[in-house]
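S.K.: Got a file for you: data.txt, compact mmCIF, C-alpha atoms.
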```txt
# COMPACT_ATOMS: atom_id res chain seq x y z
CA MET A 112 -2.26 -46.31 17.49
CA ASN A 113 -0.30 -46.40 14.25
CA ASP A 114 -2.21 -45.83 11.00
CA PRO A 115 -1.64 -48.95 8.81
CA ARG A 116 -2.53 -47.12 5.58
CA PRO A 117 0.42 -46.45 3.24
CA VAL A 118 1.69 -42.91 3.14
CA ALA A 119 2.15 -41.40 -0.34
CA GLY A 120 5.67 -40.06 -0.67
CA ILE A 121 7.83 -38.41 -3.28
CA GLY A 122 7.49 -40.22 -6.59
CA ALA A 123 4.28 -42.02 -5.63
CA ARG A 124 1.48 -42.01 -8.19
CA ILE A 125 -1.44 -40.04 -6.79
CA ALA A 126 -4.71 -40.23 -8.70
CA ARG A 127 -6.25 -36.86 -9.62
CA VAL A 128 -9.84 -36.49 -8.50
CA GLU A 129 -10.90 -33.22 -10.12
CA ASP A 130 -10.41 -33.90 -13.83
CA ALA A 131 -13.46 -35.93 -14.86
CA ARG A 132 -16.05 -33.16 -14.81
CA PHE A 133 -13.76 -30.77 -16.68
CA LEU A 134 -13.01 -33.34 -19.37
CA VAL A 135 -16.71 -33.82 -20.07
CA GLY A 136 -17.56 -30.11 -20.01
CA ARG A 137 -19.11 -29.93 -16.57
CA GLY A 138 -16.96 -27.16 -15.15
CA ARG A 139 -18.83 -24.28 -13.54
CA TYR A 140 -17.27 -20.97 -14.44
CA THR A 141 -18.60 -17.45 -14.07
CA ASP A 142 -19.88 -17.27 -17.63
CA ASP A 143 -21.86 -20.48 -17.05
CA LEU A 144 -24.03 -18.80 -14.41
CA ARG A 145 -27.60 -17.83 -15.27
CA PHE A 146 -30.09 -16.22 -12.89
CA ASP A 147 -33.76 -15.43 -13.37
CA GLY A 148 -34.16 -11.91 -14.70
CA GLN A 149 -30.43 -11.55 -15.33
CA VAL A 150 -29.30 -8.48 -17.28
CA HIS A 151 -25.90 -7.45 -18.57
CA ALA A 152 -23.32 -4.76 -17.88
CA VAL A 153 -20.69 -3.21 -20.13
CA PHE A 154 -18.14 -0.62 -19.02
CA VAL A 155 -17.12 2.59 -20.72
CA ARG A 156 -13.36 2.89 -20.31
CA SER A 157 -10.86 5.69 -20.62
CA PRO A 158 -8.81 5.85 -23.83
CA HIS A 159 -6.35 8.13 -22.02
CA ALA A 160 -3.57 7.28 -19.58
CA HIS A 161 -4.42 10.43 -17.62
CA ALA A 162 -7.40 12.71 -18.23
CA ARG A 163 -9.92 14.81 -16.36
CA ILE A 164 -13.59 13.85 -16.74
CA VAL A 165 -15.24 17.12 -17.77
CA ALA A 166 -18.71 15.73 -18.47
CA ILE A 167 -20.54 12.50 -19.27
CA ASP A 168 -23.66 12.66 -21.47
CA LYS A 169 -25.91 9.64 -20.95
CA ALA A 170 -28.89 10.75 -23.04
CA ALA A 171 -28.15 8.91 -26.28
CA ALA A 172 -27.26 5.71 -24.45
CA LEU A 173 -30.38 5.78 -22.28
CA ALA A 174 -32.51 6.04 -25.41
CA MET A 175 -31.06 2.83 -26.88
CA PRO A 176 -33.16 -0.37 -26.95
CA GLY A 177 -33.07 -2.51 -23.82
CA VAL A 178 -31.07 -0.06 -21.69
CA LEU A 179 -32.00 -0.04 -18.01
CA ALA A 180 -29.35 2.27 -16.56
CA VAL A 181 -26.23 4.30 -17.30
CA LEU A 182 -24.22 4.87 -14.12
CA THR A 183 -21.28 7.22 -13.60
CA GLY A 184 -18.90 8.29 -10.87
CA ALA A 185 -21.28 11.11 -9.96
CA ASP A 186 -24.00 8.53 -9.32
CA ALA A 187 -21.59 6.51 -7.19
CA VAL A 188 -20.79 9.58 -5.09
CA ALA A 189 -24.50 10.34 -4.69
CA ASP A 190 -25.14 6.78 -3.48
CA GLY A 191 -22.26 6.91 -1.00
CA LEU A 192 -20.03 4.23 -2.50
CA GLY A 193 -16.74 4.04 -0.63
CA SER A 194 -13.22 3.29 -1.73
CA ILE A 195 -11.86 -0.25 -1.98
CA PRO A 196 -9.88 -0.90 1.22
CA HIS A 197 -7.38 -3.43 -0.28
CA THR A 198 -6.94 -5.13 3.07
CA GLN A 199 -3.95 -7.22 1.95
CA ILE A 200 -1.79 -4.09 2.37
CA SER A 201 -1.01 -3.96 6.09
CA ASP A 202 2.10 -1.76 5.99
CA SER A 203 1.18 1.56 7.64
CA THR A 204 3.99 3.41 5.82
CA VAL A 205 2.35 2.86 2.43
CA LYS A 206 0.71 5.92 0.90
CA ARG A 207 -2.81 4.79 0.04
CA PRO A 208 -4.90 7.26 -1.97
CA PRO A 209 -8.58 6.31 -2.20
CA HIS A 210 -9.42 3.75 -4.87
CA VAL A 211 -13.03 4.43 -5.79
CA SER A 212 -14.78 1.91 -8.01
CA LEU A 213 -15.96 4.53 -10.51
CA PRO A 214 -14.06 7.85 -10.51
CA ALA A 215 -15.89 11.13 -10.87
CA ASP A 216 -12.82 13.34 -11.21
CA LYS A 217 -10.38 11.76 -13.66
CA ALA A 218 -9.03 8.55 -15.17
CA ARG A 219 -5.59 7.48 -14.02
CA PHE A 220 -4.83 4.73 -16.52
CA ALA A 221 -5.90 3.79 -20.02
CA GLY A 222 -8.72 1.31 -19.53
CA GLU A 223 -10.09 2.64 -16.24
CA ALA A 224 -13.88 2.31 -16.11
CA VAL A 225 -15.71 5.66 -15.93
CA ALA A 226 -19.30 4.57 -16.68
CA LEU A 227 -21.44 1.45 -16.53
CA VAL A 228 -24.27 0.57 -18.92
CA VAL A 229 -26.86 -2.03 -17.94
CA ALA A 230 -29.16 -3.52 -20.59
CA GLN A 231 -31.33 -6.54 -21.26
CA THR A 232 -28.65 -8.23 -23.40
CA ARG A 233 -24.90 -7.93 -23.63
CA GLU A 234 -25.13 -6.79 -27.23
CA GLN A 235 -27.56 -4.01 -26.31
CA ALA A 236 -25.25 -2.91 -23.49
CA LYS A 237 -22.28 -2.84 -25.87
CA ASP A 238 -24.15 -0.76 -28.42
CA ALA A 239 -25.32 1.68 -25.77
CA ALA A 240 -21.85 1.99 -24.23
CA GLU A 241 -20.60 3.29 -27.56
CA GLN A 242 -23.19 6.08 -27.32
CA VAL A 243 -22.00 7.37 -23.94
CA GLU A 244 -20.29 10.68 -24.67
CA VAL A 245 -17.40 11.52 -22.36
CA THR A 246 -15.80 14.94 -22.59
CA TRP A 247 -12.15 14.57 -21.67
CA GLU A 248 -9.41 17.00 -20.73
CA PRO A 249 -6.22 15.04 -21.45
CA LEU A 250 -3.49 15.54 -18.85
CA PRO A 251 0.26 14.87 -19.00
CA SER A 252 1.17 11.26 -18.28
CA VAL A 253 4.23 9.12 -17.81
CA THR A 254 4.36 5.44 -18.69
CA ALA A 255 8.10 4.73 -18.59
CA THR A 256 8.95 3.39 -15.14
CA PRO A 257 12.39 5.06 -14.87
CA ARG A 258 10.85 8.48 -15.60
CA ALA A 259 7.97 8.26 -13.15
CA THR A 260 10.04 9.31 -10.12
CA GLU A 261 12.00 12.07 -11.86
CA SER A 262 11.58 15.64 -10.70
CA GLY A 263 8.74 17.28 -12.57
CA ALA A 264 7.15 14.03 -13.77
CA PRO A 265 3.33 14.20 -14.07
CA ARG A 266 1.63 13.22 -10.84
CA VAL A 267 -0.90 10.41 -10.77
CA TRP A 268 -2.15 11.71 -7.43
CA ASP A 269 -1.89 15.38 -6.50
CA ASP A 270 -0.76 14.67 -2.93
CA ILE A 271 2.03 12.23 -3.90
CA ALA A 272 4.66 14.51 -5.37
CA ASP A 273 7.16 11.84 -6.43
CA ASN A 274 4.65 9.14 -7.52
CA VAL A 275 6.13 6.81 -4.89
CA TYR A 276 3.66 4.82 -2.76
CA VAL A 277 6.19 2.95 -0.66
CA ARG A 278 9.94 2.77 -0.01
CA LEU A 279 11.65 -0.42 1.14
CA GLN A 280 15.21 -0.93 2.32
CA THR A 281 17.06 -4.06 3.30
CA GLY A 282 20.66 -4.96 4.05
CA ASP A 283 23.48 -2.89 5.54
CA LYS A 284 24.09 0.41 3.73
CA THR A 285 27.17 1.31 5.75
CA SER A 286 28.92 -2.01 5.05
CA ALA A 287 27.93 -1.93 1.37
CA ASP A 288 29.24 1.61 0.93
CA ALA A 289 32.51 0.60 2.60
CA ALA A 290 32.89 -2.34 0.22
CA PHE A 291 32.50 -0.03 -2.78
CA ALA A 292 34.96 2.48 -1.32
CA GLN A 293 37.63 -0.27 -1.22
CA ALA A 294 36.66 -2.02 -4.48
CA LYS A 295 39.27 -2.66 -7.16
CA GLN A 296 36.55 -2.83 -9.78
CA VAL A 297 32.85 -1.97 -9.98
CA VAL A 298 30.42 -3.52 -12.46
CA LYS A 299 27.07 -1.85 -13.11
CA LEU A 300 23.91 -3.18 -14.73
CA GLU A 301 20.53 -1.71 -15.64
CA THR A 302 17.68 -4.06 -16.52
CA TRP A 303 13.99 -3.52 -17.12
CA VAL A 304 11.58 -6.44 -16.86
CA GLN A 305 8.54 -5.32 -18.83
CA ARG A 306 4.91 -5.44 -17.79
CA VAL A 307 3.00 -8.68 -18.40
CA THR A 308 -0.56 -9.88 -17.87
CA ALA A 309 -1.96 -13.31 -17.10
CA LEU A 310 -4.49 -14.07 -19.90
CA PRO A 311 -6.37 -16.73 -17.91
CA MET A 312 -8.51 -19.39 -19.57
CA GLU A 313 -11.69 -17.51 -18.65
CA PRO A 314 -11.51 -13.71 -18.65
CA ARG A 315 -12.64 -11.92 -15.53
CA GLY A 316 -16.35 -11.65 -14.90
CA ALA A 317 -18.88 -11.41 -12.11
CA VAL A 318 -22.58 -11.52 -11.33
CA GLY A 319 -24.05 -9.23 -8.68
CA LEU A 320 -27.37 -9.87 -6.93
CA TYR A 321 -29.27 -7.84 -4.37
CA ASP A 322 -31.92 -9.22 -2.03
CA ALA A 323 -34.01 -6.19 -1.08
CA ALA A 324 -35.96 -8.06 1.60
CA ARG A 325 -32.76 -8.92 3.51
CA HIS A 326 -30.68 -5.93 2.34
CA ARG A 327 -28.09 -8.47 1.21
CA HIS A 328 -25.51 -8.25 -1.59
CA GLU A 329 -24.28 -11.43 -3.28
CA LEU A 330 -21.31 -11.63 -5.63
CA PHE A 331 -20.60 -14.67 -7.83
CA VAL A 332 -17.03 -14.44 -9.09
CA GLY A 333 -13.86 -16.45 -9.71
CA SER A 334 -11.86 -15.46 -6.66
CA GLY A 335 -8.36 -15.83 -5.29
CA GLY A 336 -9.41 -14.85 -1.76
CA VAL A 337 -13.10 -14.93 -0.82
CA ALA A 338 -12.75 -14.12 2.90
CA ARG A 339 -10.66 -11.00 2.29
CA TRP A 340 -12.83 -9.96 -0.63
CA ARG A 341 -15.92 -9.84 1.61
CA GLU A 342 -14.26 -7.08 3.61
CA GLU A 343 -13.31 -5.23 0.46
CA LEU A 344 -16.76 -5.61 -1.12
CA ALA A 345 -18.39 -4.31 2.04
CA GLY A 346 -15.96 -1.38 2.20
CA ALA A 347 -16.52 -0.45 -1.44
CA LEU A 348 -20.32 -0.60 -1.09
CA GLY A 349 -20.32 1.08 2.31
CA VAL A 350 -22.35 -1.72 3.95
CA PRO A 351 -21.80 -4.04 6.95
CA ILE A 352 -19.79 -7.14 6.07
CA GLN A 353 -22.54 -9.45 7.36
CA THR A 354 -24.80 -8.21 4.56
CA THR A 355 -22.41 -9.54 1.89
CA ARG A 356 -21.84 -12.99 0.45
CA ILE A 357 -19.30 -14.11 -2.16
CA VAL A 358 -19.55 -17.40 -4.03
CA SER A 359 -16.69 -18.73 -6.15
CA TYR A 360 -16.96 -21.86 -8.25
CA ASP A 361 -14.31 -22.81 -10.84
CA VAL A 362 -11.87 -19.93 -11.15
CA GLY A 363 -10.67 -20.38 -14.71
CA GLY A 364 -7.04 -19.46 -14.14
CA ASN A 365 -5.40 -17.06 -11.72
CA PHE A 366 -1.59 -16.69 -11.86
CA GLY A 367 -1.97 -14.02 -9.14
CA MET A 368 -4.14 -11.82 -11.34
CA ARG A 369 -7.33 -12.91 -9.57
CA ASN A 370 -5.99 -12.36 -6.06
CA THR A 371 -7.02 -8.71 -6.24
CA PHE A 372 -10.48 -7.27 -5.65
CA TYR A 373 -11.41 -5.20 -8.70
CA PRO A 374 -13.81 -2.25 -9.03
CA GLU A 375 -16.11 -4.14 -11.42
CA TYR A 376 -17.04 -6.57 -8.64
CA ALA A 377 -18.48 -3.87 -6.41
CA LEU A 378 -20.11 -2.15 -9.37
CA VAL A 379 -22.17 -5.16 -10.53
CA CYS A 380 -23.52 -5.48 -6.98
CA TRP A 381 -24.33 -1.77 -6.86
CA ALA A 382 -25.98 -1.94 -10.29
CA ALA A 383 -28.04 -4.97 -9.23
CA LYS A 384 -29.51 -2.94 -6.41
CA LYS A 385 -30.16 0.02 -8.72
CA VAL A 386 -32.06 -1.95 -11.38
CA GLY A 387 -33.55 -4.64 -9.14
CA ARG A 388 -32.17 -7.46 -11.30
CA PRO A 389 -29.09 -9.73 -11.24
CA VAL A 390 -26.33 -7.98 -13.22
CA LYS A 391 -23.68 -9.95 -15.09
CA TRP A 392 -20.44 -8.65 -16.58
CA MET A 393 -17.94 -10.64 -18.60
CA ALA A 394 -14.76 -9.08 -19.97
CA ASP A 395 -13.54 -9.86 -23.44
CA ARG A 396 -9.83 -10.40 -24.13
CA SER A 397 -9.01 -6.85 -25.18
CA GLU A 398 -10.80 -5.49 -22.12
CA GLY A 399 -8.86 -7.84 -19.88
CA MET A 400 -5.58 -6.71 -21.40
CA ILE A 401 -6.17 -3.12 -20.28
CA SER A 402 -8.04 -3.66 -16.99
CA ASP A 403 -6.53 -6.77 -15.36
CA CYS A 404 -3.73 -6.31 -12.83
CA HIS A 405 -0.39 -6.45 -14.62
CA ALA A 406 2.87 -7.65 -13.10
CA ARG A 407 6.66 -7.64 -13.24
CA ASP A 408 7.29 -4.10 -14.45
CA LEU A 409 10.57 -3.73 -12.56
CA PHE A 410 13.44 -1.38 -13.40
CA VAL A 411 16.68 -2.30 -11.63
CA GLN A 412 19.90 -0.30 -11.31
CA ALA A 413 22.44 -2.60 -9.68
CA GLU A 414 26.20 -2.67 -9.11
CA ILE A 415 28.68 -5.05 -7.54
CA ALA A 416 32.05 -4.34 -5.92
CA LEU A 417 34.96 -6.70 -6.69
CA ASP A 418 38.33 -7.19 -5.04
CA ALA A 419 41.63 -7.71 -6.90
CA GLN A 420 40.88 -11.44 -7.36
CA GLY A 421 37.44 -10.72 -8.83
CA ARG A 422 35.53 -11.81 -5.74
CA VAL A 423 32.27 -10.00 -4.94
CA THR A 424 32.67 -7.88 -1.82
CA GLY A 425 29.50 -5.82 -1.99
CA MET A 426 26.31 -5.06 -3.87
CA ARG A 427 23.93 -2.11 -4.16
CA SER A 428 20.64 -2.00 -6.02
CA ARG A 429 17.75 0.38 -6.61
CA ASN A 430 14.58 -1.42 -7.71
CA THR A 431 11.69 0.63 -9.12
CA SER A 432 8.37 -1.17 -9.59
CA ASN A 433 5.51 0.22 -11.69
CA VAL A 434 2.20 -0.69 -10.02
CA GLY A 435 0.05 1.52 -12.25
CA GLY A 436 -2.55 4.15 -11.46
CA HIS A 437 -3.92 2.45 -8.32
CA PHE A 438 -1.99 0.67 -5.60
CA TYR A 439 -3.24 -2.91 -5.23
CA ASN A 440 -0.07 -4.48 -3.81
CA PHE A 441 3.72 -4.40 -4.02
CA VAL A 442 4.41 -8.14 -4.37
CA GLY A 443 6.51 -7.63 -7.49
CA LEU A 444 8.64 -5.02 -5.76
CA ALA A 445 9.04 -7.05 -2.57
CA ASN A 446 10.01 -10.19 -4.48
CA GLY A 447 12.55 -8.27 -6.54
CA VAL A 448 14.13 -6.88 -3.38
CA LYS A 449 14.26 -10.30 -1.70
CA LEU A 450 15.88 -11.98 -4.70
CA SER A 451 18.41 -9.27 -5.53
CA THR A 452 21.48 -11.14 -4.28
CA GLY A 453 20.39 -14.39 -5.93
CA LEU A 454 22.37 -17.52 -5.00
CA TYR A 455 25.68 -15.74 -4.51
CA ARG A 456 27.65 -15.07 -1.36
CA VAL A 457 27.54 -11.30 -0.97
CA PRO A 458 29.29 -10.13 2.23
CA ALA A 459 27.68 -6.69 2.19
CA ALA A 460 24.51 -5.66 0.35
CA HIS A 461 22.01 -2.85 0.40
CA VAL A 462 18.81 -2.79 -1.69
CA GLU A 463 16.33 0.04 -2.01
CA GLY A 464 12.85 -0.57 -3.42
CA LEU A 465 10.26 1.97 -4.49
```
Taking this structure as input, can you express it in the form of structure tokens?
M.R.:
Amino acid sequence: MNDPRPVAGIGARIARVEDARFLVGRGRYTDDLRFDGQVHAVFVRSPHAHARIVAIDKAAALAMPGVLAVLTGADAVADGLGSIPHTQISDSTVKRPPHVSLPADKARFAGEAVALVVAQTREQAKDAAEQVEVTWEPLPSVTATPRATESGAPRVWDDIADNVYVRLQTGDKTSADAAFAQAKQVVKLETWVQRVTALPMEPRGAVGLYDAARHRHELFVGSGGVARWREELAGALGVPIQTTRIVSYDVGGNFGMRNTFYPEYALVCWAAKKVGRPVKWMADRSEGMISDCHARDLFVQAEIALDAQGRVTGMRSRNTSNVGGHFYNFVGLANGVKLSTGLYRVPAAHVEGL
């Protein structure tokens, strides 16, 4: 039986249904959430791009008003917290060093969390976080993408000598090399698309709850992938997935930045179990700038081969993507590789991505 209702097509006016509550201030974002007995978390973050954690002194912070706990990587190890599995990476050729939520050995980027303070109010937690004394041993670092793969560059991970997590290749190298061997002219280009971040309407934040009677962790967070995040939360906490629950209301802006499961999300759940209270964390703008996933840091060395009439006969490109101290995904690299030839007819092309 044919459906007599009109079908909305291209150009048809379709009424929006989600706007009214936002226009009158009835959105429900992470910072709107309040739970009975809720306390607040603030993170102590590394000022160094690369540094060994020699010692963390909690004493002064623990003596501050309202402080309930100061947690470090050593505490996380003692409690058996696991590494974040990052299940969106299915390629078995990718080198995947463990991504622990709170490192006990060293910081691998400026802004990495190395301690967590929980207090009755956010202001008390902020004041106490400033009293956490971290003894650092600064290590050599490299921040320029083209230099990261050079021989002798400082290693982010000891067992990855060239700092390369993954290598991609596409196209036909033999045909591309032949085109360049016969080229009448070769044009080369180097370009570097710098790192950017999303700056969503609401900064990242989360509330962790623990139900001791049911041994159940709950995470309230603006999410770009709740089903996958349950696996990653369970992996990070070292608990069965059926003991986890994630609730996401209004996200507050994503732009891809919220598709990733972050360490803070596991840590507020862990802290909630430790203190027996719901634990809320909300980033401020400056914190988001250094701890949110960045994008588009892509260094490209490309060349095209031309015949005597100036027609393109071949192309070669080497695309280097900076994903930072921990490997969340290689979307930026993969997209750069896919789009290398653009809209042009290129008879022979070879692109390498790393």
S.K.: Residues at most 12 Å from Cys404 of chain A, counting all atoms listed in the file, excluding those fewer than 5 positions away in the same chain, as a PDB file with C-alpha atoms, in the coordinates of the input?
M.R.:
```pdb
ATOM      1  CA  PHE A 220      -4.830   4.730 -16.520  1.00  0.00           C
ATOM      2  CA  GLY A 222      -8.720   1.310 -19.530  1.00  0.00           C
ATOM      3  CA  GLU A 223     -10.090   2.640 -16.240  1.00  0.00           C
ATOM      4  CA  ARG A 306       4.910  -5.440 -17.790  1.00  0.00           C
ATOM      5  CA  VAL A 307       3.000  -8.680 -18.400  1.00  0.00           C
ATOM      6  CA  THR A 308      -0.560  -9.880 -17.870  1.00  0.00           C
ATOM      7  CA  ALA A 309      -1.960 -13.310 -17.100  1.00  0.00           C
ATOM      8  CA  LEU A 310      -4.490 -14.070 -19.900  1.00  0.00           C
ATOM      9  CA  PRO A 311      -6.370 -16.730 -17.910  1.00  0.00           C
ATOM     10  CA  ARG A 315     -12.640 -11.920 -15.530  1.00  0.00           C
ATOM     11  CA  ASN A 365      -5.400 -17.060 -11.720  1.00  0.00           C
ATOM     12  CA  PHE A 366      -1.590 -16.690 -11.860  1.00  0.00           C
ATOM     13  CA  GLY A 367      -1.970 -14.020  -9.140  1.00  0.00           C
ATOM     14  CA  MET A 368      -4.140 -11.820 -11.340  1.00  0.00           C
ATOM     15  CA  ARG A 369      -7.330 -12.910  -9.570  1.00  0.00           C
ATOM     16  CA  ASN A 370      -5.990 -12.360  -6.060  1.00  0.00           C
ATOM     17  CA  THR A 371      -7.020  -8.710  -6.240  1.00  0.00           C
ATOM     18  CA  PHE A 372     -10.480  -7.270  -5.650  1.00  0.00           C
ATOM     19  CA  TYR A 373     -11.410  -5.200  -8.700  1.00  0.00           C
ATOM     20  CA  PRO A 374     -13.810  -2.250  -9.030  1.00  0.00           C
ATOM     21  CA  GLU A 398     -10.800  -5.490 -22.120  1.00  0.00           C
ATOM     22  CA  GLY A 399      -8.860  -7.840 -19.880  1.00  0.00           C
ATOM     23  CA  ASN A 433       5.510   0.220 -11.690  1.00  0.00           C
ATOM     24  CA  VAL A 434       2.200  -0.690 -10.020  1.00  0.00           C
ATOM     25  CA  GLY A 435       0.050   1.520 -12.250  1.00  0.00           C
ATOM     26  CA  GLY A 436      -2.550   4.150 -11.460  1.00  0.00           C
ATOM     27  CA  HIS A 437      -3.920   2.450  -8.320  1.00  0.00           C
ATOM     28  CA  PHE A 438      -1.990   0.670  -5.600  1.00  0.00           C
ATOM     29  CA  TYR A 439      -3.240  -2.910  -5.230  1.00  0.00           C
ATOM     30  CA  ASN A 440      -0.070  -4.480  -3.810  1.00  0.00           C
ATOM     31  CA  PHE A 441       3.720  -4.400  -4.020  1.00  0.00           C
ATOM     32  CA  VAL A 442       4.410  -8.140  -4.370  1.00  0.00           C
ATOM     33  CA  GLY A 443       6.510  -7.630  -7.490  1.00  0.00           C
TER      34      GLY A 443
END
```
S.K.: Check the smallest atom-to-atom distance from each of A:Arg427, A:Arg137, A:His151, A:Arg325 to Glu234 of chain A using only C-alpha atoms, then report the winner.
M.R.: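 Distance minimum relative to Glu234 of chain A lands on A:His151.
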S.K.: Show me, as a Markdown table, the residues of segment 202-239 of chain A having an atom within 10 Å of segment 380-389 of chain A, each with the closest atom pair and its distance in Å, using only C-alpha atoms.
M.R.:
```
| residue | atom | partner | partner_atom | distance |
| --- | --- | --- | --- | --- |
| A:Leu227 | CA | A:Ala382 | CA | 8.4 |
| A:Val228 | CA | A:Ala382 | CA | 9.1 |
| A:Val229 | CA | A:Ala382 | CA | 7.7 |
| A:Ala230 | CA | A:Val386 | CA | 9.8 |
```
S.K.: For the point (-26.5, -8.6, 2.4) in the file's frame, write as a list in words all residues with an atom no more than 8 Å away, counting only C-alpha atoms.
M.R.: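 The residues near that point, listed by chain and number, are Tyr321, Asp322, Arg325, His326, Arg327, His328, Glu329, Pro351, Ile352, Gln353, Thr354, Thr355 and Arg356 of chain A.
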S.K.: Give me a file of those residues, with C-alpha atoms, as a PDB file, keeping the file's coordinate frame.
M.R.:
```
ATOM      1  CA  TYR A 321     -29.270  -7.840  -4.370  1.00  0.00           C
ATOM      2  CA  ASP A 322     -31.920  -9.220  -2.030  1.00  0.00           C
ATOM      3  CA  ARG A 325     -32.760  -8.920   3.510  1.00  0.00           C
ATOM      4  CA  HIS A 326     -30.680  -5.930   2.340  1.00  0.00           C
ATOM      5  CA  ARG A 327     -28.090  -8.470   1.210  1.00  0.00           C
ATOM      6  CA  HIS A 328     -25.510  -8.250  -1.590  1.00  0.00           C
ATOM      7  CA  GLU A 329     -24.280 -11.430  -3.280  1.00  0.00           C
ATOM      8  CA  PRO A 351     -21.800  -4.040   6.950  1.00  0.00           C
ATOM      9  CA  ILE A 352     -19.790  -7.140   6.070  1.00  0.00           C
ATOM     10  CA  GLN A 353     -22.540  -9.450   7.360  1.00  0.00           C
ATOM     11  CA  THR A 354     -24.800  -8.210   4.560  1.00  0.00           C
ATOM     12  CA  THR A 355     -22.410  -9.540   1.890  1.00  0.00           C
ATOM     13  CA  ARG A 356     -21.840 -12.990   0.450  1.00  0.00           C
TER      14      ARG A 356
END
```
S.K.: Would you kindly return, as a list in words, each protein, DNA or RNA residue with an atom no farther than 9 Å from any atom of segment 177-185 of chain A, considering all atoms listed in the file and excluding same-chain residues fewer than 4 positions away?
M.R.: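 Listed by chain and then number, they are Val150, Ile167, Lys169, Ala172, Leu173, Ala189, Asp190, Val211, Ser212, Leu213, Pro214, Ala215, Asp216, Val225, Ala226, Leu227, Val228, Val229, Ala230, Gln231, Thr232, Gln235, Ala236, Ala239, Ala240, Val243, Ala382, Lys385 and Val386 of chain A.
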S.K.: One decimal, Å: what's the distance from atom CA of Met393 of chain A over to atom CA of Pro208 of chain A, could you say?
M.R.: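 One can read the atom CA of Met393 of chain A to atom CA of Pro208 of chain A distance as 27.7 Å.
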S.K.: Could you jot down the atom CA of Gly333 of chain A to atom CA of Glu375 of chain A separation for me, Å, one decimal place?
M.R.: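 So the answer is 12.6 Å.
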S.K.: Rounded to one decimal place, report the atom CA of Glu301 of chain A-atom CA of Ile415 of chain A distance in Å.
M.R.: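 Atom-to-atom, atom CA of Glu301 of chain A to atom CA of Ile415 of chain A, that is 12.0 Å.
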S.K.: Return the single residue from A:Val275, A:Val379, A:Ala126, A:Ala162 that is closest to Leu344 of chain A, with distances computed using all atoms listed in the file.
M.R.: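 Closest residue, counting all atoms listed in the file: A:Val379.
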S.K.: Using only C-alpha atoms, can you tell me which of A:Ser402, A:Thr285, A:Thr204, A:Asn274 comes closest to Ala224 of chain A?
M.R.: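 For Ala224 of chain A, the nearest of the given residues is A:Ser402.
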S.K.: Which residues, protein or nucleic acid, reach to within 7 Å of (10.2, -7.8, -11.3) in the file's coordinates when using all atoms listed in the file, and can you give that as a list in words?
M.R.: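 Protein and nucleic acid residues near the point are Val304, Arg407, Asp408, Leu409, Gly443, Leu444 and Gly447 of chain A.
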S.K.: Point out the residue among A:Arg156, A:Lys295, A:Arg341, A:Lys206 with the least atom-to-atom distance to Glu244 of chain A, counting all atoms listed in the file.
M.R.: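 Among the listed residues, A:Arg156 lies closest to Glu244 of chain A.
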